[in-house]
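The file structure18.txt comes next; it holds compact mmCIF, C-alpha atoms and all ligand atoms.
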# COMPACT_ATOMS: atom_id res chain seq x y z
CA MET V 1 6.77 -7.98 -24.99
CA ARG V 2 4.48 -8.50 -22.07
CA MET V 3 1.34 -10.51 -22.71
CA THR V 4 -2.02 -9.15 -21.70
CA ILE V 5 -3.22 -10.56 -18.43
CA SER V 6 -6.69 -12.02 -18.43
CA VAL V 7 -8.55 -10.68 -15.38
CA GLY V 8 -11.98 -11.95 -14.37
CA VAL V 9 -13.88 -9.58 -12.11
CA PHE V 10 -16.06 -11.72 -9.81
CA PHE V 11 -19.07 -9.93 -8.36
CA GLY V 12 -22.66 -10.35 -7.18
CA GLY V 13 -22.99 -13.38 -4.92
CA ALA V 14 -25.28 -14.57 -2.17
CA SER V 15 -25.11 -11.35 -0.20
CA VAL V 16 -27.42 -8.58 0.96
CA GLU V 17 -24.93 -6.29 -0.77
CA HIS V 18 -25.38 -7.99 -4.15
CA GLU V 19 -26.52 -4.82 -5.93
CA VAL V 20 -23.78 -2.67 -4.45
CA SER V 21 -21.27 -5.18 -5.68
CA ILE V 22 -22.59 -4.84 -9.23
CA ILE V 23 -21.92 -1.09 -9.09
CA SER V 24 -18.41 -1.53 -7.65
CA ALA V 25 -17.60 -4.15 -10.28
CA MET V 26 -18.79 -2.04 -13.23
CA GLN V 27 -16.68 0.89 -12.01
CA ALA V 28 -13.60 -1.31 -11.75
CA ILE V 29 -14.11 -2.92 -15.16
CA ASN V 30 -14.45 0.50 -16.79
CA ASN V 31 -11.21 1.74 -15.30
CA PHE V 32 -8.81 -1.02 -16.30
CA ASP V 33 -5.94 -0.34 -18.66
CA ARG V 34 -7.11 -2.28 -21.74
CA ILE V 35 -3.61 -2.57 -23.18
CA LYS V 36 -2.24 -4.45 -20.21
CA TYR V 37 -5.38 -6.34 -19.23
CA ASP V 38 -8.06 -8.34 -20.91
CA VAL V 39 -10.71 -7.71 -18.28
CA PHE V 40 -14.13 -9.38 -18.25
CA PRO V 41 -17.06 -9.73 -15.84
CA VAL V 42 -17.83 -12.98 -14.02
CA TYR V 43 -21.27 -12.51 -12.49
CA ILE V 44 -22.27 -14.72 -9.57
CA SER V 45 -26.03 -14.95 -9.15
CA LYS V 46 -27.72 -14.98 -5.76
CA ASP V 47 -27.90 -18.79 -6.00
CA TRP V 48 -24.16 -18.85 -6.75
CA LYS V 49 -24.10 -19.74 -10.42
CA MET V 50 -21.33 -18.18 -12.51
CA TYR V 51 -22.05 -16.36 -15.77
CA ILE V 52 -19.94 -14.60 -18.36
CA GLY V 53 -20.95 -12.58 -21.42
CA ASN V 54 -20.72 -9.13 -22.97
CA SER V 55 -24.04 -7.82 -21.66
CA LEU V 56 -22.79 -8.35 -18.12
CA SER V 57 -20.62 -5.20 -18.49
CA GLU V 58 -23.64 -2.94 -18.81
CA ILE V 59 -25.07 -1.64 -15.58
CA ARG V 60 -28.48 -1.02 -17.16
CA ALA V 61 -28.86 -4.69 -18.05
CA TYR V 62 -29.14 -5.53 -14.33
CA ARG V 63 -32.58 -3.93 -14.15
CA ASP V 64 -33.88 -7.19 -15.58
CA ILE V 65 -31.61 -9.95 -14.34
CA PRO V 66 -33.61 -12.94 -15.67
CA SER V 67 -33.37 -11.69 -19.25
CA LEU V 68 -29.73 -10.67 -18.74
CA LEU V 69 -28.92 -14.23 -17.70
CA LYS V 70 -30.65 -15.60 -20.79
CA LYS V 71 -28.20 -13.58 -22.90
CA SER V 72 -25.23 -14.77 -20.81
CA LEU V 73 -23.41 -18.05 -20.59
CA ARG V 74 -23.30 -20.17 -17.46
CA VAL V 75 -19.78 -21.45 -16.81
CA THR V 76 -17.80 -23.52 -14.38
CA ALA V 77 -14.08 -23.21 -13.63
CA VAL V 78 -11.69 -26.10 -14.18
CA ARG V 79 -7.96 -26.33 -13.61
CA GLU V 80 -6.27 -28.06 -16.54
CA LYS V 81 -2.59 -28.24 -17.58
CA GLY V 82 -1.56 -25.39 -15.30
CA ARG V 83 -4.29 -22.98 -16.39
CA VAL V 84 -7.78 -22.20 -15.24
CA LEU V 85 -10.43 -22.60 -17.90
CA LEU V 86 -13.98 -21.35 -17.85
CA MET V 87 -16.15 -24.06 -19.37
CA ARG V 88 -19.69 -23.91 -20.65
CA TYR V 89 -22.13 -25.56 -18.24
CA PRO V 90 -24.02 -27.73 -18.94
CA ILE V 91 -21.54 -28.97 -21.55
CA LYS V 92 -22.58 -29.53 -25.14
CA LYS V 93 -21.63 -32.73 -26.94
CA PHE V 94 -19.32 -32.75 -29.98
CA ARG V 95 -17.88 -29.27 -29.50
CA SER V 96 -15.31 -27.45 -27.45
CA ASN V 97 -16.79 -26.23 -24.22
CA ILE V 98 -13.83 -24.09 -23.22
CA VAL V 99 -15.07 -20.54 -23.29
CA ARG V 100 -11.93 -18.79 -22.12
CA THR V 101 -8.91 -18.90 -19.85
CA ILE V 102 -8.36 -16.74 -16.81
CA ASP V 103 -5.04 -15.63 -15.23
CA VAL V 104 -6.16 -13.60 -12.24
CA ALA V 105 -9.47 -13.39 -10.40
CA PHE V 106 -10.55 -10.08 -8.98
CA PRO V 107 -13.26 -10.42 -6.32
CA VAL V 108 -15.33 -7.23 -6.21
CA GLY V 109 -18.16 -8.42 -4.01
CA HIS V 110 -19.27 -7.33 -0.58
CA GLY V 111 -20.44 -9.34 2.38
CA THR V 112 -21.48 -12.97 2.66
CA SER V 113 -19.94 -15.48 0.24
CA MET V 114 -17.89 -12.79 -1.55
CA GLU V 115 -15.81 -10.97 1.05
CA ASP V 116 -15.75 -13.52 3.87
CA GLY V 117 -13.28 -16.09 2.53
CA VAL V 118 -15.81 -18.29 0.73
CA LEU V 119 -15.06 -17.01 -2.79
CA GLN V 120 -11.37 -16.71 -1.85
CA GLY V 121 -11.29 -20.37 -0.77
CA TYR V 122 -12.94 -21.40 -4.01
CA LEU V 123 -10.37 -19.49 -6.06
CA LYS V 124 -7.56 -20.89 -3.97
CA SER V 125 -8.76 -24.44 -4.55
CA LEU V 126 -8.33 -23.73 -8.28
CA SER V 127 -4.80 -22.36 -7.64
CA LEU V 128 -6.01 -19.24 -9.41
CA PRO V 129 -4.18 -16.11 -8.25
CA PHE V 130 -6.64 -13.57 -6.89
CA VAL V 131 -6.70 -9.97 -5.83
CA GLY V 132 -7.12 -8.88 -2.25
CA CYS V 133 -7.17 -10.57 1.13
CA ASP V 134 -6.54 -14.29 1.42
CA VAL V 135 -8.98 -16.72 3.01
CA THR V 136 -8.00 -16.03 6.61
CA ALA V 137 -7.89 -12.23 6.45
CA SER V 138 -11.21 -12.19 4.57
CA ALA V 139 -12.88 -14.41 7.15
CA VAL V 140 -11.46 -12.41 10.03
CA GLY V 141 -12.51 -9.09 8.49
CA MET V 142 -16.08 -10.35 8.23
CA ASP V 143 -16.23 -11.24 11.93
CA LYS V 144 -16.46 -8.05 13.97
CA TYR V 145 -15.57 -9.86 17.21
CA ILE V 146 -12.41 -11.58 15.99
CA THR V 147 -11.40 -8.33 14.28
CA LYS V 148 -11.59 -6.52 17.62
CA VAL V 149 -9.57 -9.22 19.35
CA LEU V 150 -6.76 -8.99 16.79
CA LEU V 151 -6.79 -5.20 16.77
CA ARG V 152 -6.65 -5.05 20.55
CA ASP V 153 -3.78 -7.53 20.51
CA ALA V 154 -1.94 -5.19 18.14
CA GLY V 155 -2.36 -2.36 20.64
CA LEU V 156 -5.03 -0.50 18.67
CA PRO V 157 -7.99 1.22 20.36
CA VAL V 158 -11.30 -0.64 19.96
CA LEU V 159 -14.61 -0.37 21.81
CA ASP V 160 -15.30 -3.05 24.38
CA CYS V 161 -18.13 -5.36 23.35
CA HIS V 162 -20.42 -8.10 24.54
CA LYS V 163 -21.10 -11.05 22.28
CA VAL V 164 -24.65 -12.45 22.32
CA PRO V 165 -25.50 -15.77 20.66
CA ALA V 166 -29.14 -15.90 19.55
CA ARG V 167 -29.57 -19.16 21.42
CA SER V 168 -28.70 -17.66 24.82
CA PHE V 169 -30.89 -14.65 24.16
CA PHE V 170 -33.99 -16.64 23.29
CA LYS V 171 -33.37 -18.98 26.21
CA ASP V 172 -33.17 -16.26 28.85
CA LYS V 173 -33.65 -12.70 27.64
CA ALA V 174 -33.62 -11.16 31.14
CA GLN V 175 -30.28 -12.77 31.94
CA VAL V 176 -28.67 -11.58 28.69
CA ILE V 177 -29.95 -8.03 29.23
CA LYS V 178 -28.59 -8.12 32.79
CA GLU V 179 -25.15 -9.20 31.58
CA ILE V 180 -25.11 -6.32 29.11
CA LEU V 181 -26.20 -3.79 31.71
CA ASP V 182 -23.52 -5.03 34.12
CA LYS V 183 -21.01 -4.04 31.51
CA PHE V 184 -22.37 -0.97 29.71
CA LYS V 185 -24.54 2.09 30.30
CA PHE V 186 -27.12 3.24 27.77
CA PRO V 187 -27.04 4.14 24.95
CA VAL V 188 -25.62 1.00 23.36
CA VAL V 189 -25.34 -0.15 19.77
CA VAL V 190 -26.52 -3.61 18.69
CA LYS V 191 -25.07 -5.07 15.49
CA PRO V 192 -24.90 -8.42 13.73
CA LEU V 193 -21.49 -10.05 14.07
CA ASN V 194 -20.94 -10.49 10.38
CA LEU V 195 -22.96 -8.26 8.05
CA GLY V 196 -22.32 -4.95 6.35
CA SER V 197 -24.10 -1.85 5.10
CA SER V 198 -25.62 -1.24 8.55
CA VAL V 199 -28.07 -4.11 8.05
CA GLY V 200 -29.63 -5.10 11.40
CA ILE V 201 -27.93 -2.31 13.39
CA SER V 202 -29.75 -0.30 16.02
CA VAL V 203 -29.20 2.02 18.96
CA GLY V 204 -30.70 1.04 22.30
CA ASN V 205 -31.49 3.85 24.73
CA ASP V 206 -33.28 1.67 27.27
CA GLU V 207 -34.01 -1.97 28.06
CA SER V 208 -36.95 -2.28 25.74
CA GLU V 209 -35.05 -0.77 22.79
CA LEU V 210 -32.12 -3.05 23.54
CA LYS V 211 -34.42 -6.07 23.53
CA ASP V 212 -36.05 -4.99 20.26
CA GLY V 213 -32.63 -4.30 18.78
CA LEU V 214 -31.39 -7.79 19.62
CA GLU V 215 -34.53 -9.38 18.23
CA GLY V 216 -34.08 -7.32 15.05
CA ALA V 217 -30.41 -8.30 14.70
CA PHE V 218 -31.26 -12.00 15.13
CA TYR V 219 -33.47 -11.72 12.13
CA TYR V 220 -30.22 -11.53 10.10
CA THR V 221 -27.60 -13.32 12.15
CA ASN V 222 -26.97 -15.96 14.84
CA THR V 223 -24.68 -13.74 16.86
CA ALA V 224 -24.93 -10.08 17.79
CA LEU V 225 -22.48 -7.67 19.36
CA VAL V 226 -23.45 -5.00 21.84
CA GLU V 227 -21.07 -2.10 22.44
CA PRO V 228 -21.26 1.38 23.94
CA ALA V 229 -22.63 3.99 21.54
CA VAL V 230 -20.02 6.63 20.78
CA GLN V 231 -21.23 10.10 21.68
CA ASN V 232 -20.78 13.18 19.45
CA LEU V 233 -20.11 10.65 16.75
CA LYS V 234 -17.85 11.50 13.89
CA GLU V 235 -16.97 8.73 11.45
CA ILE V 236 -13.72 8.69 9.54
CA ASN V 237 -12.67 6.15 6.91
CA CYS V 238 -9.19 5.62 5.56
CA ALA V 239 -8.14 3.08 2.94
CA VAL V 240 -4.89 1.14 2.94
CA LEU V 241 -3.04 -0.40 0.02
CA GLY V 242 -0.36 -3.02 0.49
CA ASP V 243 0.44 -6.37 2.05
CA SER V 244 2.50 -7.73 4.94
CA GLU V 245 5.62 -5.94 3.69
CA PHE V 246 4.38 -2.42 3.07
CA ALA V 247 1.18 -0.54 3.71
CA MET V 248 0.28 2.94 2.59
CA SER V 249 -2.70 4.95 3.71
CA SER V 250 -5.04 7.06 1.61
CA GLU V 251 -6.77 10.34 2.31
CA CYS V 252 -9.37 10.30 5.12
CA GLU V 253 -13.06 10.83 4.41
CA GLU V 254 -15.95 11.66 6.65
CA PRO V 255 -19.22 10.03 5.56
CA ILE V 256 -22.13 12.30 6.46
CA LEU V 257 -24.88 11.00 8.71
CA SER V 258 -28.52 11.74 8.34
CA GLN V 259 -29.86 9.42 11.05
CA ASP V 260 -28.77 7.88 14.33
CA VAL V 261 -27.08 5.04 12.58
CA LEU V 262 -25.69 5.39 9.08
CA GLY V 263 -28.03 3.34 6.92
CA TYR V 264 -27.96 1.61 3.59
CA ASP V 265 -29.65 4.53 1.85
CA ASP V 266 -27.14 7.05 3.12
CA LYS V 267 -24.22 5.07 1.89
CA TYR V 268 -25.36 4.15 -1.53
CA SER V 269 -28.04 6.45 -2.81
CA GLY V 270 -26.85 9.88 -1.77
CA GLY V 271 -27.10 12.08 -4.85
CA ALA V 272 -27.38 9.15 -7.26
CA LYS V 273 -29.35 9.88 -10.41
CA ASP V 274 -29.30 6.83 -12.61
CA GLY V 275 -30.64 4.13 -10.37
CA GLY V 276 -27.76 4.40 -7.95
CA ALA V 277 -25.07 3.67 -10.49
CA LYS V 278 -22.85 6.36 -9.05
CA GLY V 279 -24.13 5.92 -5.53
CA MET V 280 -20.98 5.21 -3.66
CA VAL V 281 -18.94 7.84 -5.40
CA SER V 282 -21.41 10.64 -4.94
CA ALA V 283 -22.56 9.55 -1.48
CA LYS V 284 -22.50 12.44 0.93
CA ARG V 285 -19.06 12.82 2.40
CA LYS V 286 -16.43 15.34 3.39
CA LEU V 287 -13.21 14.63 1.57
CA PRO V 288 -10.72 15.31 3.03
CA ALA V 289 -12.32 14.83 6.43
CA ASP V 290 -12.67 17.79 8.71
CA ILE V 291 -10.12 16.69 11.36
CA THR V 292 -6.88 18.10 12.75
CA GLN V 293 -3.55 17.25 11.18
CA GLU V 294 -2.68 15.33 14.31
CA GLN V 295 -5.89 13.25 14.10
CA ARG V 296 -5.29 12.62 10.42
CA ASP V 297 -1.75 11.36 11.07
CA LYS V 298 -2.95 9.14 13.89
CA ILE V 299 -5.82 7.66 11.85
CA ARG V 300 -3.60 6.97 8.84
CA SER V 301 -1.05 5.26 11.02
CA PHE V 302 -3.71 3.23 12.90
CA ALA V 303 -5.23 2.24 9.54
CA GLY V 304 -1.94 0.80 8.27
CA ARG V 305 -1.37 -1.09 11.53
CA ALA V 306 -4.93 -2.48 11.50
CA PHE V 307 -4.52 -3.62 7.90
CA GLN V 308 -1.36 -5.52 8.75
CA ALA V 309 -2.69 -6.86 12.05
CA LEU V 310 -5.39 -8.69 10.09
CA GLY V 311 -2.97 -9.80 7.37
CA CYS V 312 -4.75 -7.89 4.60
CA CYS V 313 -3.58 -7.63 1.01
CA GLY V 314 -4.63 -5.32 -1.84
CA VAL V 315 -6.90 -2.49 -0.82
CA ALA V 316 -9.04 -2.40 2.32
CA ARG V 317 -10.87 0.40 4.09
CA VAL V 318 -10.49 0.91 7.80
CA ASP V 319 -13.42 2.66 9.47
CA PHE V 320 -13.04 4.71 12.63
CA LEU V 321 -15.42 6.12 15.23
CA LEU V 322 -14.52 9.41 16.92
CA ASP V 323 -15.99 11.26 19.83
CA GLY V 324 -16.03 14.71 18.27
CA ARG V 325 -15.86 16.39 21.67
CA SER V 326 -13.26 14.34 23.55
CA GLY V 327 -11.29 13.53 20.42
CA GLU V 328 -11.09 9.83 21.36
CA ILE V 329 -10.62 7.49 18.39
CA TRP V 330 -11.58 3.82 17.98
CA VAL V 331 -11.03 1.47 15.07
CA ASN V 332 -14.53 0.22 14.22
CA GLU V 333 -14.16 -2.28 11.41
CA LEU V 334 -12.24 -3.27 8.30
CA ASN V 335 -13.87 -3.69 4.92
CA THR V 336 -11.65 -6.05 3.00
CA ILE V 337 -13.45 -5.24 -0.29
CA PRO V 338 -14.62 -1.66 0.19
CA GLY V 339 -17.43 -0.15 -1.89
CA SER V 340 -15.99 1.37 -5.08
CA LEU V 341 -12.66 -0.09 -3.87
CA SER V 342 -12.28 3.34 -2.22
CA PHE V 343 -10.80 4.68 -5.45
CA TYR V 344 -11.90 8.23 -4.60
CA LEU V 345 -9.73 8.12 -1.45
CA TRP V 346 -6.72 7.35 -3.62
CA GLU V 347 -7.54 9.95 -6.24
CA ALA V 348 -7.52 12.42 -3.36
CA VAL V 349 -3.83 11.64 -2.76
CA GLY V 350 -3.01 11.78 -6.46
CA MET V 351 -3.38 8.13 -7.46
CA PRO V 352 -5.71 7.62 -10.45
CA TYR V 353 -8.07 4.60 -10.38
CA LYS V 354 -6.13 2.93 -13.23
CA GLU V 355 -2.96 3.02 -11.21
CA LEU V 356 -4.70 1.65 -8.12
CA LEU V 357 -6.00 -1.31 -10.16
CA ASP V 358 -2.50 -1.88 -11.51
CA MET V 359 -1.05 -1.97 -8.00
CA ILE V 360 -3.60 -4.43 -6.66
CA ILE V 361 -3.11 -6.80 -9.56
CA GLU V 362 0.65 -6.57 -8.99
CA LEU V 363 0.12 -7.39 -5.31
CA ALA V 364 -1.93 -10.46 -6.27
CA LEU V 365 0.85 -11.68 -8.57
CA LYS V 366 3.46 -10.94 -5.92
CA ARG V 367 1.57 -13.06 -3.38
CA GLU V 368 1.31 -15.84 -5.95
CA ARG V 369 5.09 -15.74 -6.49
CA ASP V 370 5.71 -15.76 -2.73
CA GLU V 371 3.32 -18.66 -2.17
CA THR V 372 4.51 -20.85 -4.99
CA GLY V 373 7.91 -20.71 -3.31
CA VAL V 374 6.31 -22.47 -0.35
CA VAL V 375 6.16 -26.25 -0.55
CA HIS V 376 2.60 -27.57 -0.54
CA SER V 377 3.14 -31.19 -1.32
CA PHE V 378 5.94 -33.61 -0.59
CA ASP V 379 7.29 -36.15 -2.97
CA THR V 380 7.41 -38.79 -0.29
CA ASN V 381 4.04 -40.19 0.55
CA ILE V 382 3.68 -40.33 4.32
CA LEU V 383 1.14 -43.10 3.93
CA SER V 384 3.83 -45.32 2.47
CA ASN V 385 5.36 -45.38 5.97
CA PHE V 386 2.10 -46.48 7.47
CA SER V 387 2.06 -49.92 8.93
CA ASP V 388 -0.42 -51.83 11.02
CA THR V 389 1.85 -51.48 14.04
CA GLY V 390 1.75 -47.70 14.13
CA ALA V 391 1.62 -44.43 12.30
CA LYS V 392 5.29 -43.72 11.87
CA GLY V 393 5.82 -40.47 10.03
CA LEU V 394 2.36 -39.17 10.62
CA LYS V 395 2.07 -35.77 12.20
CA ARG V 396 1.22 -36.04 15.89
N1 LIG L 401 -20.38 1.96 18.82
C1 LIG L 401 -21.02 2.75 17.99
N2 LIG L 401 -21.42 3.99 18.39
C2 LIG L 401 -22.09 4.81 17.56
N3 LIG L 401 -22.44 4.48 16.30
C3 LIG L 401 -22.06 3.28 15.83
C4 LIG L 401 -21.34 2.35 16.65
N4 LIG L 401 -21.12 1.24 15.93
C5 LIG L 401 -21.67 1.45 14.71
N5 LIG L 401 -22.24 2.68 14.64
C6 LIG L 401 -22.95 3.25 13.50
O1 LIG L 401 -23.47 2.19 12.70
C7 LIG L 401 -22.87 2.16 11.42
C8 LIG L 401 -22.65 0.74 10.95
O2 LIG L 401 -21.88 0.04 11.88
P1 LIG L 401 -20.63 -0.83 11.45
O3 LIG L 401 -20.02 -1.38 12.68
O4 LIG L 401 -19.76 -0.01 10.59
O5 LIG L 401 -21.29 -2.01 10.63
P2 LIG L 401 -21.45 -2.29 9.05
O6 LIG L 401 -20.59 -3.46 8.79
O7 LIG L 401 -22.88 -2.60 8.86
O8 LIG L 401 -20.98 -1.07 8.31
C9 LIG L 401 -21.59 2.93 11.59
O9 LIG L 401 -21.17 3.46 10.34
C10 LIG L 401 -22.00 3.98 12.59
O10 LIG L 401 -22.74 5.02 11.95
MG MG L 402 -19.34 0.12 8.57
Can the structure in the file be given as structure tokens, please?
Ligand SMILES: Nc1ncnc2c1ncn2[C@@H]1O[C@H](COP(=O)(O)OP(=O)(O)O)[C@@H](O)[C@H]1O
Ligand SMILES: [Mg+2]
Amino acid sequence: MRMTISVGVFFGGASVEHEVSIISAMQAINNFDRIKYDVFPVYISKDWKMYIGNSLSEIRAYRDIPSLLKKSLRVTAVREKGRVLLMRYPIKKFRSNIVRTIDVAFPVGHGTSMEDGVLQGYLKSLSLPFVGCDVTASAVGMDKYITKVLLRDAGLPVLDCHKVPARSFFKDKAQVIKEILDKFKFPVVVKPLNLGSSVGISVGNDESELKDGLEGAFYYTNTALVEPAVQNLKEINCAVLGDSEFAMSSECEEPILSQDVLGYDDKYSGGAKDGGAKGMVSAKRKLPADITQEQRDKIRSFAGRAFQALGCCGVARVDFLLDGRSGEIWVNELNTIPGSLSFYLWEAVGMPYKELLDMIIELALKRERDETGVVHSFDTNILSNFSDTGAKGLKR
């Protein structure tokens, strides 16, 4: 008989998308197969403390986080005898401080510290198998510039861009604006290199808007990207499930715009009734997207290639920009932990959420099996070859 697998869903974190992550995590927790999995929430506060406890599974409890945390237990993770233990912190004398064990971690957080390789590196240092992209793919997916470079290298269409460090901008604004105008015509889009949910994004129609846009972006980030604004904009998103061996694409959706640039409110509050708890699911969208069969095929194939070009694992969502008139398509960005894990895009191709969760846990365990086959430490100690006369055996 198969034992139940203990899955900790890690969410929250030091991110502007903290609240969105809570919603995504609650949805995931509620959809797990309880026979196969012992699933529990691991909440990470904005100051990066870890908590567990029953109340953390109730979305309503997050209306008052300080009192929720009083009812919860702060823990720290420790690797001991081949298992990862969650221990009470601070520890209490004369009693067991082990609260529970954990087999697989499931990061369901968006943005900084959760989706960018930080949490993934922490889990990796514990040798705890985890769901989704590894450290490198997570870090790459969070950096819009490096993402473009890799996608272009894989032969995928991306918009040209100009990278602007805050330091150069504040040193010589006129020069930076000139460099941008040498490259692009208005309108342009200004965006932070590494945030999500449209935070800090603006459209510049002239020099003064461009300047304001850059100043606004530098409020959130040290580096901004400027790229041409796509005309007759149509946005299409397509999720991908898989790893380096296989990748399958979901249905395509078309999020509906209500402003120039799709904002936080559009994405997460469209149609939500109970404080946004269903925000991402009921956000305004056309599903399936209103595109031709040929466009759909192309986007689904580009999505799979983009996913593998970045070395993604689990489920990721690839977002595209289209010029609705010319039909041109560009890959815009990859979300390595998409809102709601894009479950609705999989339901649309006949895969229930439960099954999606099953597949991504399987992929995490598969990666673990593949990686434990790789040698990480050597029995011989290279330092034992070290002598005063040289560093024989050391890597040059
Ligand atoms: N080059 C562009 N042309 C037109 N609109 C854009 C462009 N880049 C981004 N946008 C708009 O801004 C939104 C957010 O930009 P995106 O690059 O997806 O950043 P985020 O990580 O914040 O989602 C997009 O969904 C789209 O509506
Ligand atoms: Mg986006």
Contacts to ligand LIG 401 (chain L) at 9 Å cut-off (all atoms listed in the file) as a PDB file with C-alpha atoms, keeping the file's coordinate frame:
ATOM      1  CA  GLY V 111     -20.440  -9.340   2.380  1.00  0.00           C
ATOM      2  CA  MET V 142     -16.080 -10.350   8.230  1.00  0.00           C
ATOM      3  CA  LYS V 144     -16.460  -8.050  13.970  1.00  0.00           C
ATOM      4  CA  LEU V 159     -14.610  -0.370  21.810  1.00  0.00           C
ATOM      5  CA  CYS V 161     -18.130  -5.360  23.350  1.00  0.00           C
ATOM      6  CA  PRO V 187     -27.040   4.140  24.950  1.00  0.00           C
ATOM      7  CA  VAL V 188     -25.620   1.000  23.360  1.00  0.00           C
ATOM      8  CA  VAL V 189     -25.340  -0.150  19.770  1.00  0.00           C
ATOM      9  CA  VAL V 190     -26.520  -3.610  18.690  1.00  0.00           C
ATOM     10  CA  LYS V 191     -25.070  -5.070  15.490  1.00  0.00           C
ATOM     11  CA  PRO V 192     -24.900  -8.420  13.730  1.00  0.00           C
ATOM     12  CA  LEU V 193     -21.490 -10.050  14.070  1.00  0.00           C
ATOM     13  CA  ASN V 194     -20.940 -10.490  10.380  1.00  0.00           C
ATOM     14  CA  LEU V 195     -22.960  -8.260   8.050  1.00  0.00           C
ATOM     15  CA  GLY V 196     -22.320  -4.950   6.350  1.00  0.00           C
ATOM     16  CA  SER V 197     -24.100  -1.850   5.100  1.00  0.00           C
ATOM     17  CA  SER V 198     -25.620  -1.240   8.550  1.00  0.00           C
ATOM     18  CA  VAL V 199     -28.070  -4.110   8.050  1.00  0.00           C
ATOM     19  CA  GLY V 200     -29.630  -5.100  11.400  1.00  0.00           C
ATOM     20  CA  ILE V 201     -27.930  -2.310  13.390  1.00  0.00           C
ATOM     21  CA  SER V 202     -29.750  -0.300  16.020  1.00  0.00           C
ATOM     22  CA  VAL V 203     -29.200   2.020  18.960  1.00  0.00           C
ATOM     23  CA  VAL V 226     -23.450  -5.000  21.840  1.00  0.00           C
ATOM     24  CA  GLU V 227     -21.070  -2.100  22.440  1.00  0.00           C
ATOM     25  CA  PRO V 228     -21.260   1.380  23.940  1.00  0.00           C
ATOM     26  CA  ALA V 229     -22.630   3.990  21.540  1.00  0.00           C
ATOM     27  CA  VAL V 230     -20.020   6.630  20.780  1.00  0.00           C
ATOM     28  CA  GLN V 231     -21.230  10.100  21.680  1.00  0.00           C
ATOM     29  CA  ASN V 232     -20.780  13.180  19.450  1.00  0.00           C
ATOM     30  CA  LEU V 233     -20.110  10.650  16.750  1.00  0.00           C
ATOM     31  CA  LYS V 234     -17.850  11.500  13.890  1.00  0.00           C
ATOM     32  CA  GLU V 235     -16.970   8.730  11.450  1.00  0.00           C
ATOM     33  CA  PRO V 255     -19.220  10.030   5.560  1.00  0.00           C
ATOM     34  CA  LEU V 257     -24.880  11.000   8.710  1.00  0.00           C
ATOM     35  CA  GLN V 259     -29.860   9.420  11.050  1.00  0.00           C
ATOM     36  CA  ASP V 260     -28.770   7.880  14.330  1.00  0.00           C
ATOM     37  CA  VAL V 261     -27.080   5.040  12.580  1.00  0.00           C
ATOM     38  CA  LEU V 262     -25.690   5.390   9.080  1.00  0.00           C
ATOM     39  CA  GLY V 263     -28.030   3.340   6.920  1.00  0.00           C
ATOM     40  CA  TYR V 264     -27.960   1.610   3.590  1.00  0.00           C
ATOM     41  CA  ASP V 319     -13.420   2.660   9.470  1.00  0.00           C
ATOM     42  CA  PHE V 320     -13.040   4.710  12.630  1.00  0.00           C
ATOM     43  CA  LEU V 321     -15.420   6.120  15.230  1.00  0.00           C
ATOM     44  CA  LEU V 322     -14.520   9.410  16.920  1.00  0.00           C
ATOM     45  CA  ASN V 332     -14.530   0.220  14.220  1.00  0.00           C
ATOM     46  CA  GLU V 333     -14.160  -2.280  11.410  1.00  0.00           C
ATOM     47  CA  LEU V 334     -12.240  -3.270   8.300  1.00  0.00           C
ATOM     48  CA  ASN V 335     -13.870  -3.690   4.920  1.00  0.00           C
TER      49      ASN V 335
END
For this session: Quote the spacing between CA of Asp323 (chain V) and CA of Met248 (chain V) in Å to one decimal place.
Result: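 A separation of 25.1 Å between them.
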Exercise. Expressed in Å to a single decimal, how great is the separation between CA of Lys286 (chain V) and CA of Ser342 (chain V)?
Worked result: 13.9 Å
Problem set entry | V:Val315, V:Ile337, V:Ala174, V:Ile102 ranked by distance to ligand MG 402 (chain L), top pick (using all atoms listed in the file) |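 Nearest candidate to ligand MG 402 (chain L) out of V:Val315, V:Ile337, V:Ala174, V:Ile102: V:Ile337.
In this structure, CA of Cys252 (chain V) sits 20.9 Å away from CA of Ala28 (chain V).
Minimum atom-to-atom distance to ligand MG 402 (chain L), evaluated using only C-alpha atoms and all ligand atoms, belongs to V:Gly141 out of V:Pro288, V:Gly204, V:Gly242, V:Gly141.
Nearest residue to ligand MG 402 (chain L) among V:Val318, V:Ala348, V:Met87, V:Leu241 is V:Val318, counting all atoms listed in the file.
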Restrict the calculation to all atoms listed in the file, then for each residue of region 98-174 of chain V with any atom at most 12 Å from an atom of region 51-68 of chain V give the closest atom pair and their distance in Å to one decimal, rows by chain and rising residue number, as a tab-separated table.
residue	atom	partner	partner_atom	distance
V:Val99	CA	V:Ile52	CA	9.1
V:Arg100	CA	V:Ile52	CA	9.8
V:Thr101	CA	V:Ile52	CA	11.9
V:Ile102	CA	V:Ile52	CA	11.9
For this session: Check the smallest atom-to-atom distance from each of V:Cys313, V:Ile236, V:Leu287, V:Leu156 to ligand MG 402 (chain L) using all atoms listed in the file, then report the winner.
Result: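 Looking only at the distances to ligand MG 402 (chain L), the closest residue turns out to be V:Ile236.
With only C-alpha atoms as the atoms that count, the residue of V:Leu128, V:Gln120, V:Glu115, V:Lys36 with the shortest distance to Arg79 (chain V) is V:Leu128.
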For this session: Identify which of the residues V:Asn97, V:Thr372, V:Asn237, V:Ser127 lies closest to ligand MG 402 (chain L), counting all atoms listed in the file when measuring atom-to-atom distances.
Result: V:Asn237
